[in-house]
$ cat target-v2.pdb   # PDB, C-alpha atoms
ATOM      1  CA  MET A 231     184.400 221.586 314.516
ATOM      2  CA  ARG A 232     183.745 223.186 317.878
ATOM      3  CA  LEU A 233     182.999 226.675 316.631
ATOM      4  CA  PHE A 234     180.570 225.312 314.065
ATOM      5  CA  ARG A 235     178.795 223.223 316.691
ATOM      6  CA  SER A 236     178.497 226.236 318.983
ATOM      7  CA  ILE A 237     176.866 228.189 316.163
ATOM      8  CA  ALA A 238     174.658 225.288 315.034
ATOM      9  CA  ASN A 239     173.259 224.805 318.543
ATOM     10  CA  ALA A 240     172.285 228.467 318.887
ATOM     11  CA  GLN A 241     168.710 229.737 318.834
ATOM     12  CA  ASN A 242     167.482 226.329 320.008
ATOM     13  CA  GLY A 243     169.144 224.686 317.043
ATOM     14  CA  LYS A 244     167.233 226.837 314.548
ATOM     15  CA  ILE A 245     169.911 229.367 313.696
ATOM     16  CA  PHE A 246     170.442 228.067 310.165
ATOM     17  CA  TYR A 247     166.692 227.946 309.567
ATOM     18  CA  ASN A 248     166.447 231.577 310.684
ATOM     19  CA  MET A 249     169.454 232.569 308.624
ATOM     20  CA  GLY A 250     168.149 230.740 305.564
ATOM     21  CA  ALA A 251     164.758 232.410 305.856
ATOM     22  CA  ALA A 252     166.419 235.844 305.941
ATOM     23  CA  PHE A 253     168.491 235.144 302.818
ATOM     24  CA  GLU A 254     165.929 232.999 300.957
ATOM     25  CA  ILE A 255     167.877 229.747 301.067
ATOM     26  CA  ASN A 256     167.213 226.531 302.981
ATOM     27  CA  ASP A 257     168.741 225.749 306.362
ATOM     28  CA  GLU A 258     171.148 223.113 305.017
ATOM     29  CA  LEU A 259     172.587 225.564 302.526
ATOM     30  CA  ALA A 260     172.863 228.269 305.196
ATOM     31  CA  ALA A 261     174.816 225.814 307.353
ATOM     32  CA  GLN A 262     177.084 224.976 304.424
ATOM     33  CA  VAL A 263     177.840 228.645 303.740
ATOM     34  CA  VAL A 264     178.795 229.163 307.385
ATOM     35  CA  ARG A 265     180.953 226.032 307.368
ATOM     36  CA  TYR A 266     182.807 227.196 304.247
ATOM     37  CA  PHE A 267     183.624 230.606 305.705
ATOM     38  CA  LEU A 268     184.801 229.448 309.134
ATOM     39  CA  PRO A 269     188.355 228.483 307.996
ATOM     40  CA  PRO A 270     189.339 231.832 306.390
ATOM     41  CA  LEU A 271     187.854 233.863 309.254
ATOM     42  CA  TYR A 272     189.509 231.653 311.845
ATOM     43  CA  LYS A 273     192.817 231.808 309.973
ATOM     44  CA  ALA A 274     192.600 235.613 309.992
ATOM     45  CA  MET A 275     192.125 235.530 313.780
ATOM     46  CA  LEU A 276     195.185 233.337 314.222
ATOM     47  CA  LYS A 277     197.237 235.662 312.033
ATOM     48  CA  ARG A 278     196.236 238.613 314.242
ATOM     49  CA  MET A 279     197.532 236.707 317.265
ATOM     50  CA  GLU A 280     201.033 236.285 315.858
ATOM     51  CA  THR A 281     202.220 239.483 317.563
ATOM     52  CA  PRO A 282     201.534 240.800 321.092
ATOM     53  CA  GLY A 283     199.990 243.954 319.582
ATOM     54  CA  GLY A 284     197.669 241.964 317.340
ATOM     55  CA  LEU A 285     196.727 239.694 320.211
ATOM     56  CA  MET A 286     195.883 242.679 322.416
ATOM     57  CA  MET A 287     193.805 244.202 319.630
ATOM     58  CA  LEU A 288     191.825 241.004 319.126
ATOM     59  CA  LEU A 289     191.236 240.482 322.849
ATOM     60  CA  GLU A 290     190.047 244.076 323.253
ATOM     61  CA  LEU A 291     187.811 243.725 320.208
ATOM     62  CA  ILE A 292     186.184 240.599 321.613
ATOM     63  CA  GLY A 293     185.976 242.130 325.078
ATOM     64  CA  SER A 294     184.357 245.343 323.832
ATOM     65  CA  ARG A 295     180.929 243.704 323.440
ATOM     66  CA  ARG A 296     179.135 240.492 324.304
ATOM     67  CA  HIS A 297     179.080 239.155 320.756
ATOM     68  CA  ASP A 298     177.898 235.812 322.109
ATOM     69  CA  ARG A 299     174.493 237.320 322.847
ATOM     70  CA  TYR A 300     173.846 237.498 319.103
ATOM     71  CA  LEU A 301     173.859 233.716 318.987
ATOM     72  CA  ALA A 302     170.609 233.743 320.976
ATOM     73  CA  ASP A 303     168.858 236.423 318.909
ATOM     74  CA  PRO A 304     166.749 235.057 315.998
ATOM     75  CA  GLY A 305     166.292 238.574 314.627
ATOM     76  CA  ILE A 306     169.947 239.375 313.998
ATOM     77  CA  PHE A 307     169.838 238.585 310.286
ATOM     78  CA  THR A 308     167.536 241.488 309.488
ATOM     79  CA  ASP A 309     169.171 244.086 311.737
ATOM     80  CA  PRO A 310     171.216 246.656 309.752
ATOM     81  CA  GLN A 311     173.124 247.739 312.878
ATOM     82  CA  ILE A 312     174.324 244.185 313.458
ATOM     83  CA  GLU A 313     175.206 243.912 309.768
ATOM     84  CA  ALA A 314     177.300 247.094 310.088
ATOM     85  CA  GLU A 315     179.029 245.753 313.189
ATOM     86  CA  GLY A 316     179.765 242.476 311.423
ATOM     87  CA  GLN A 317     181.159 244.362 308.450
ATOM     88  CA  SER A 318     183.433 246.353 310.762
ATOM     89  CA  LEU A 319     184.710 243.141 312.383
ATOM     90  CA  LEU A 320     185.258 241.566 308.972
ATOM     91  CA  THR A 321     187.227 244.584 307.732
ATOM     92  CA  THR A 322     189.350 244.519 310.885
ATOM     93  CA  LEU A 323     190.159 240.847 310.423
ATOM     94  CA  ILE A 324     190.619 241.005 306.646
ATOM     95  CA  PRO A 325     191.338 244.584 305.524
ATOM     96  CA  ASN A 326     192.081 243.503 301.942
ATOM     97  CA  ARG A 327     188.783 243.820 300.062
ATOM     98  CA  ASN A 328     190.241 242.046 297.046
ATOM     99  CA  TYR A 329     191.020 239.019 299.196
ATOM    100  CA  ILE A 330     187.477 238.986 300.560
ATOM    101  CA  ALA A 331     186.112 239.215 297.005
ATOM    102  CA  LYS A 332     188.339 236.303 295.996
ATOM    103  CA  ILE A 333     187.085 234.162 298.897
ATOM    104  CA  ILE A 334     183.476 234.950 297.974
ATOM    105  CA  GLU A 335     184.139 234.108 294.333
ATOM    106  CA  ASN A 336     185.805 230.805 295.214
ATOM    107  CA  ARG A 337     182.990 229.763 297.546
ATOM    108  CA  ALA A 338     180.322 230.790 295.022
ATOM    109  CA  GLN A 339     181.833 228.294 292.570
ATOM    110  CA  VAL A 340     181.008 225.372 294.864
ATOM    111  CA  LEU A 341     177.818 226.675 296.494
ATOM    112  CA  PRO A 342     174.469 227.263 294.770
ATOM    113  CA  VAL A 343     174.384 230.784 296.206
ATOM    114  CA  SER A 344     175.077 233.967 294.279
ATOM    115  CA  PRO A 345     178.207 235.976 295.153
ATOM    116  CA  LYS A 346     175.942 238.919 295.966
ATOM    117  CA  ASN A 347     173.965 236.882 298.496
ATOM    118  CA  ILE A 348     177.140 235.444 300.026
ATOM    119  CA  GLU A 349     178.526 238.971 300.393
ATOM    120  CA  LYS A 350     175.369 239.973 302.285
ATOM    121  CA  MET A 351     175.693 236.957 304.583
ATOM    122  CA  LEU A 352     179.380 237.390 305.379
ATOM    123  CA  PRO A 353     179.078 240.196 307.995
ATOM    124  CA  TYR A 354     176.550 238.104 309.924
ATOM    125  CA  ILE A 355     178.763 235.024 309.687
ATOM    126  CA  THR A 356     181.621 237.098 311.093
ATOM    127  CA  ILE A 357     179.424 238.135 314.029
ATOM    128  CA  LEU A 358     178.534 234.473 314.646
ATOM    129  CA  VAL A 359     182.210 233.467 314.611
ATOM    130  CA  PHE A 360     183.125 236.175 317.123
ATOM    131  CA  GLY A 361     180.193 235.129 319.301
ATOM    132  CA  ALA A 362     181.206 231.471 319.212
ATOM    133  CA  VAL A 363     184.863 232.271 319.980
ATOM    134  CA  GLU A 364     183.780 234.414 322.917
ATOM    135  CA  LEU A 365     181.470 231.681 324.178
ATOM    136  CA  LYS A 366     184.133 228.958 323.931
ATOM    137  CA  THR A 367     187.030 230.914 325.432
ATOM    138  CA  ARG A 368     185.471 233.060 328.176
ATOM    139  CA  GLN A 369     185.905 230.504 330.998
ATOM    140  CA  PRO A 370     189.333 229.179 329.892
ATOM    141  CA  LEU A 371     190.669 232.734 329.658
ATOM    142  CA  LYS A 372     189.473 233.489 333.175
ATOM    143  CA  LYS A 373     191.699 230.653 334.365
ATOM    144  CA  VAL A 374     194.610 232.030 332.319
ATOM    145  CA  VAL A 375     194.238 235.475 333.915
ATOM    146  CA  LEU A 376     194.086 233.931 337.393
ATOM    147  CA  LYS A 377     197.162 231.804 336.711
ATOM    148  CA  ILE A 378     199.122 234.825 335.497
ATOM    149  CA  ASN A 379     198.194 236.700 338.659
ATOM    150  CA  GLY A 380     199.031 233.730 340.899
ATOM    151  CA  ASP A 381     195.414 233.324 341.994
ATOM    152  CA  SER A 382     193.860 229.884 342.502
ATOM    153  CA  GLY A 383     190.240 231.087 342.474
ATOM    154  CA  ASP A 384     187.494 229.918 340.136
ATOM    155  CA  GLY A 385     187.477 233.039 337.961
ATOM    156  CA  ASP A 386     183.977 234.208 338.877
ATOM    157  CA  SER A 387     185.399 237.514 340.081
ATOM    158  CA  ILE A 388     186.651 238.323 336.566
ATOM    159  CA  ASP A 389     183.939 240.020 334.547
ATOM    160  CA  ASN A 390     185.768 240.451 331.279
ATOM    161  CA  PRO A 391     188.756 238.120 330.867
ATOM    162  CA  PHE A 392     189.471 239.395 327.343
ATOM    163  CA  THR A 393     190.075 242.988 328.417
ATOM    164  CA  ALA A 394     191.825 241.838 331.598
ATOM    165  CA  LEU A 395     194.228 239.675 329.622
ATOM    166  CA  ALA A 396     194.836 242.428 327.052
ATOM    167  CA  ASN A 397     195.743 244.793 329.893
ATOM    168  CA  GLU A 398     198.028 242.154 331.400
ATOM    169  CA  ILE A 399     199.837 241.664 328.098
ATOM    170  CA  ARG A 400     200.164 245.437 327.658
ATOM    171  CA  GLU A 401     201.612 245.897 331.143
ATOM    172  CA  ARG A 402     204.058 243.052 330.742
ATOM    173  CA  LYS A 403     205.028 244.164 327.263
ATOM    174  CA  MET A 404     205.751 247.659 328.496
ATOM    175  CA  ALA A 405     207.378 246.592 331.762
ATOM    176  CA  LYS A 406     211.145 246.950 331.885
ATOM    177  CA  GLY A 407     212.883 243.613 331.587
ATOM    178  CA  PHE A 408     209.870 241.684 330.302
ATOM    179  CA  GLU A 409     211.559 239.107 328.107
ATOM    180  CA  GLU A 410     210.432 238.290 324.569
ATOM    181  CA  GLU A 411     210.288 234.643 325.615
ATOM    182  CA  LYS A 412     207.600 235.400 328.192
ATOM    183  CA  ARG A 413     205.517 237.340 325.662
ATOM    184  CA  LYS A 414     205.746 234.428 323.248
ATOM    185  CA  SER A 415     204.772 232.024 326.006
ATOM    186  CA  LEU A 416     201.669 234.041 326.835
ATOM    187  CA  THR A 417     200.731 234.278 323.153
ATOM    188  CA  SER A 418     201.134 230.509 322.829
ATOM    189  CA  VAL A 419     198.602 229.917 325.605
ATOM    190  CA  ILE A 420     196.018 231.963 323.734
ATOM    191  CA  ASN A 421     196.868 230.345 320.411
ATOM    192  CA  ILE A 422     196.286 226.910 321.914
ATOM    193  CA  LEU A 423     192.884 227.944 323.272
ATOM    194  CA  PHE A 424     191.806 229.206 319.867
ATOM    195  CA  ARG A 425     193.392 226.444 317.832
ATOM    196  CA  ARG A 426     191.571 223.778 319.760
ATOM    197  CA  THR A 427     188.267 225.038 318.406
ATOM    198  CA  ASP A 428     188.470 224.824 314.620
ATOM    199  CA  GLU A 429     191.436 223.706 312.576
ATOM    200  CA  ARG A 430     189.717 221.363 310.163
ATOM    201  CA  ARG A 431     189.137 222.725 306.682
ATOM    202  CA  ALA A 432     185.560 222.903 305.414
ATOM    203  CA  ALA A 433     184.610 219.848 303.419
TER     204      ALA A 433
END
$ encode --input "target-v2.pdb" --output "structure tokens"
Amino acid sequence: MRLFRSIANAQNGKIFYNMGAAFEINDELAAQVVRYFLPPLYKAMLKRMETPGGLMMLLELIGSRRHDRYLADPGIFTDPQIEAEGQSLLTTLIPNRNYIAKIIENRAQVLPVSPKNIEKMLPYITILVFGAVELKTRQPLKKVVLKINGDSGDGDSIDNPFTALANEIRERKMAKGFEEEKRKSLTSVINILFRRTDERRAA
């Protein structure tokens, strides 16, 4: 699981130790909680990308901040501002609170962690997922933007490929004569980039 590996390698490989210490569980259990919540969060991202509008929203959300920097910060798990940001991202991805409660309840049945503790961890896990997605897709998306614009450069001139691609989709969507087929083609490129990270269900 590429997203999981990206998260596991963060903070010099001690991210689950740091997370476990913050929530009074061991590092192996912290890793297991993260692994169990990757599939529903990832599935919610894919669902957002099913329409051009949802894809633009997700790209702009990722491009609005460098979420990947949180992967390097051992102190994130005790920062209420980061918790609030993670909660906002979670609500954007999964607006249905009942569905979130159901996921937490289901996971609590197979993990020796209380639902209350899992609920506290979930905003931080969401932040980690966004950070890992940003980390894994930043360079590939630069190449996508260049290809769309007919440029054969290396992408170093593109600061924020997420916002750039969202703007490109918006312009093409609004442009007269931009065929539905082309919009679907562009969405497929992004879907492939995301799908290649984590499709396997948590064991």
$ residues_around --input "target-v2.pdb" --residues "region 318-325 of chain A" --least-positions-apart "4" --cutoff "9 Å" --atoms "only C-alpha atoms" --output "VMD selection string"
chain A and resid 271 274 to 275 277 to 278 288 291 313 to 314 329 to 330 352 to 353 356 to 357 360
$ atom_distance --input "target-v2.pdb" --atom1 "CA of Leu395 (chain A)" --atom2 "CA of Thr367 (chain A)"
12.1 Å
$ atom_distance --input "target-v2.pdb" --atom1 "CA of Ala331 (chain A)" --atom2 "CA of Asn248 (chain A)"
25.1 Å
$ atom_distance --input "target-v2.pdb" --atom1 "CA of Lys377 (chain A)" --atom2 "CA of Glu364 (chain A)"
19.4 Å
$ resolve_selection --input "target-v2.pdb" --expression "the PyMOL selection byres ((chain A and resi 391) around 10)" --output "PyMOL selection string"
chain A and resi 289-290+292-293+367-376+385+387-390+392-397
$ resolve_selection --input "target-v2.pdb" --expression "the PyMOL selection byres ((chain A and resi 308) around 12)" --output "ChimeraX atom specification"
/A:248-253,303-307,309-314,350-351,353-354
$ resolve_selection --input "target-v2.pdb" --expression "the PyMOL selection byres ((chain A and resi 299) around 10)" --output "PDB file with C-alpha atoms, in the frame of the given file"
ATOM      1  CA  ALA A 240     172.285 228.467 318.887  1.00  0.00           C
ATOM      2  CA  ARG A 295     180.929 243.704 323.440  1.00  0.00           C
ATOM      3  CA  ARG A 296     179.135 240.492 324.304  1.00  0.00           C
ATOM      4  CA  HIS A 297     179.080 239.155 320.756  1.00  0.00           C
ATOM      5  CA  ASP A 298     177.898 235.812 322.109  1.00  0.00           C
ATOM      6  CA  TYR A 300     173.846 237.498 319.103  1.00  0.00           C
ATOM      7  CA  LEU A 301     173.859 233.716 318.987  1.00  0.00           C
ATOM      8  CA  ALA A 302     170.609 233.743 320.976  1.00  0.00           C
ATOM      9  CA  ASP A 303     168.858 236.423 318.909  1.00  0.00           C
ATOM     10  CA  LEU A 358     178.534 234.473 314.646  1.00  0.00           C
ATOM     11  CA  GLY A 361     180.193 235.129 319.301  1.00  0.00           C
ATOM     12  CA  ALA A 362     181.206 231.471 319.212  1.00  0.00           C
ATOM     13  CA  GLU A 364     183.780 234.414 322.917  1.00  0.00           C
ATOM     14  CA  LEU A 365     181.470 231.681 324.178  1.00  0.00           C
TER      15      LEU A 365
END
$ residues_near_point --input "target-v2.pdb" --point "(168.6, 223.1, 311.5)" --cutoff "8 Å" --atoms "all atoms listed in the file" --output "PyMOL selection string"
chain A and resi 238+243-247+257-258+261
$ decode --input "target-v2.pdb" --residues "region 272-351 of chain A" --atoms "C-alpha atoms" --output "mmCIF file, in the first residue's frame"
data_model
loop_
_atom_site.group_PDB
_atom_site.id
_atom_site.type_symbol
_atom_site.label_atom_id
_atom_site.label_comp_id
_atom_site.auth_asym_id
_atom_site.auth_seq_id
_atom_site.Cartn_x
_atom_site.Cartn_y
_atom_site.Cartn_z
ATOM 1 C CA TYR A 272 -9.379 6.827 -0.087
ATOM 2 C CA LYS A 273 -12.740 5.631 -1.405
ATOM 3 C CA ALA A 274 -14.265 8.989 -0.445
ATOM 4 C CA MET A 275 -11.531 10.759 -2.439
ATOM 5 C CA LEU A 276 -12.238 8.633 -5.497
ATOM 6 C CA LYS A 277 -15.953 9.353 -5.208
ATOM 7 C CA ARG A 278 -15.219 13.100 -5.185
ATOM 8 C CA MET A 279 -13.295 12.678 -8.436
ATOM 9 C CA GLU A 280 -16.231 11.168 -10.311
ATOM 10 C CA THR A 281 -17.318 14.595 -11.583
ATOM 11 C CA PRO A 282 -15.231 17.494 -12.961
ATOM 12 C CA GLY A 283 -16.589 19.749 -10.189
ATOM 13 C CA GLY A 284 -15.650 17.281 -7.470
ATOM 14 C CA LEU A 285 -12.235 16.776 -9.009
ATOM 15 C CA MET A 286 -11.617 20.531 -9.094
ATOM 16 C CA MET A 287 -12.723 20.838 -5.478
ATOM 17 C CA LEU A 288 -10.371 18.084 -4.346
ATOM 18 C CA LEU A 289 -7.413 19.456 -6.307
ATOM 19 C CA GLU A 290 -7.981 22.944 -4.892
ATOM 20 C CA LEU A 291 -8.326 21.515 -1.393
ATOM 21 C CA ILE A 292 -5.024 19.672 -1.690
ATOM 22 C CA GLY A 293 -3.375 22.661 -3.345
ATOM 23 C CA SER A 294 -4.545 25.102 -0.666
ATOM 24 C CA ARG A 295 -1.885 23.959 1.825
ATOM 25 C CA ARG A 296 1.219 21.809 1.970
ATOM 26 C CA HIS A 297 -0.399 18.986 3.916
ATOM 27 C CA ASP A 298 2.682 16.866 3.267
ATOM 28 C CA ARG A 299 4.656 18.995 5.713
ATOM 29 C CA TYR A 300 2.623 17.483 8.550
ATOM 30 C CA LEU A 301 4.207 14.127 7.809
ATOM 31 C CA ALA A 302 7.525 15.530 9.051
ATOM 32 C CA ASP A 303 6.156 17.139 12.222
ATOM 33 C CA PRO A 304 6.262 14.871 15.326
ATOM 34 C CA GLY A 305 4.138 17.359 17.264
ATOM 35 C CA ILE A 306 1.057 17.261 15.053
ATOM 36 C CA PHE A 307 -0.871 14.844 17.258
ATOM 37 C CA THR A 308 -1.186 17.319 20.110
ATOM 38 C CA ASP A 309 -1.951 20.417 18.036
ATOM 39 C CA PRO A 310 -5.641 21.446 18.256
ATOM 40 C CA GLN A 311 -5.359 23.595 15.112
ATOM 41 C CA ILE A 312 -4.193 20.603 13.091
ATOM 42 C CA GLU A 313 -6.967 18.512 14.640
ATOM 43 C CA ALA A 314 -9.502 21.150 13.532
ATOM 44 C CA GLU A 315 -8.054 21.198 10.023
ATOM 45 C CA GLY A 316 -8.196 17.410 9.859
ATOM 46 C CA GLN A 317 -11.795 17.468 11.036
ATOM 47 C CA SER A 318 -12.661 19.978 8.309
ATOM 48 C CA LEU A 319 -11.036 17.761 5.660
ATOM 49 C CA LEU A 320 -12.848 14.712 7.014
ATOM 50 C CA THR A 321 -16.217 16.492 6.928
ATOM 51 C CA THR A 322 -15.549 17.623 3.360
ATOM 52 C CA LEU A 323 -14.740 14.092 2.252
ATOM 53 C CA ILE A 324 -17.490 12.395 4.266
ATOM 54 C CA PRO A 325 -20.234 14.892 5.173
ATOM 55 C CA ASN A 326 -22.495 12.166 6.590
ATOM 56 C CA ARG A 327 -21.720 12.014 10.317
ATOM 57 C CA ASN A 328 -23.775 8.850 10.695
ATOM 58 C CA TYR A 329 -21.580 7.112 8.136
ATOM 59 C CA ILE A 330 -18.444 8.209 9.973
ATOM 60 C CA ALA A 331 -19.921 6.929 13.248
ATOM 61 C CA LYS A 332 -20.697 3.609 11.564
ATOM 62 C CA ILE A 333 -17.121 3.275 10.270
ATOM 63 C CA ILE A 334 -15.750 4.025 13.742
ATOM 64 C CA GLU A 335 -18.103 1.491 15.307
ATOM 65 C CA ASN A 336 -17.154 -1.206 12.800
ATOM 66 C CA ARG A 337 -13.426 -0.634 13.273
ATOM 67 C CA ALA A 338 -13.773 -0.556 17.070
ATOM 68 C CA GLN A 339 -15.187 -4.092 16.908
ATOM 69 C CA VAL A 340 -11.924 -5.451 15.496
ATOM 70 C CA LEU A 341 -9.433 -3.111 17.186
ATOM 71 C CA PRO A 342 -8.646 -2.948 20.913
ATOM 72 C CA VAL A 343 -9.235 0.809 20.839
ATOM 73 C CA SER A 344 -12.296 2.586 22.179
ATOM 74 C CA PRO A 345 -14.624 4.320 19.694
ATOM 75 C CA LYS A 346 -13.961 7.579 21.535
ATOM 76 C CA ASN A 347 -10.205 7.261 21.039
ATOM 77 C CA ILE A 348 -10.630 6.288 17.384
ATOM 78 C CA GLU A 349 -12.835 9.347 16.856
ATOM 79 C CA LYS A 350 -10.067 11.543 18.295
ATOM 80 C CA MET A 351 -7.493 9.945 15.991
#
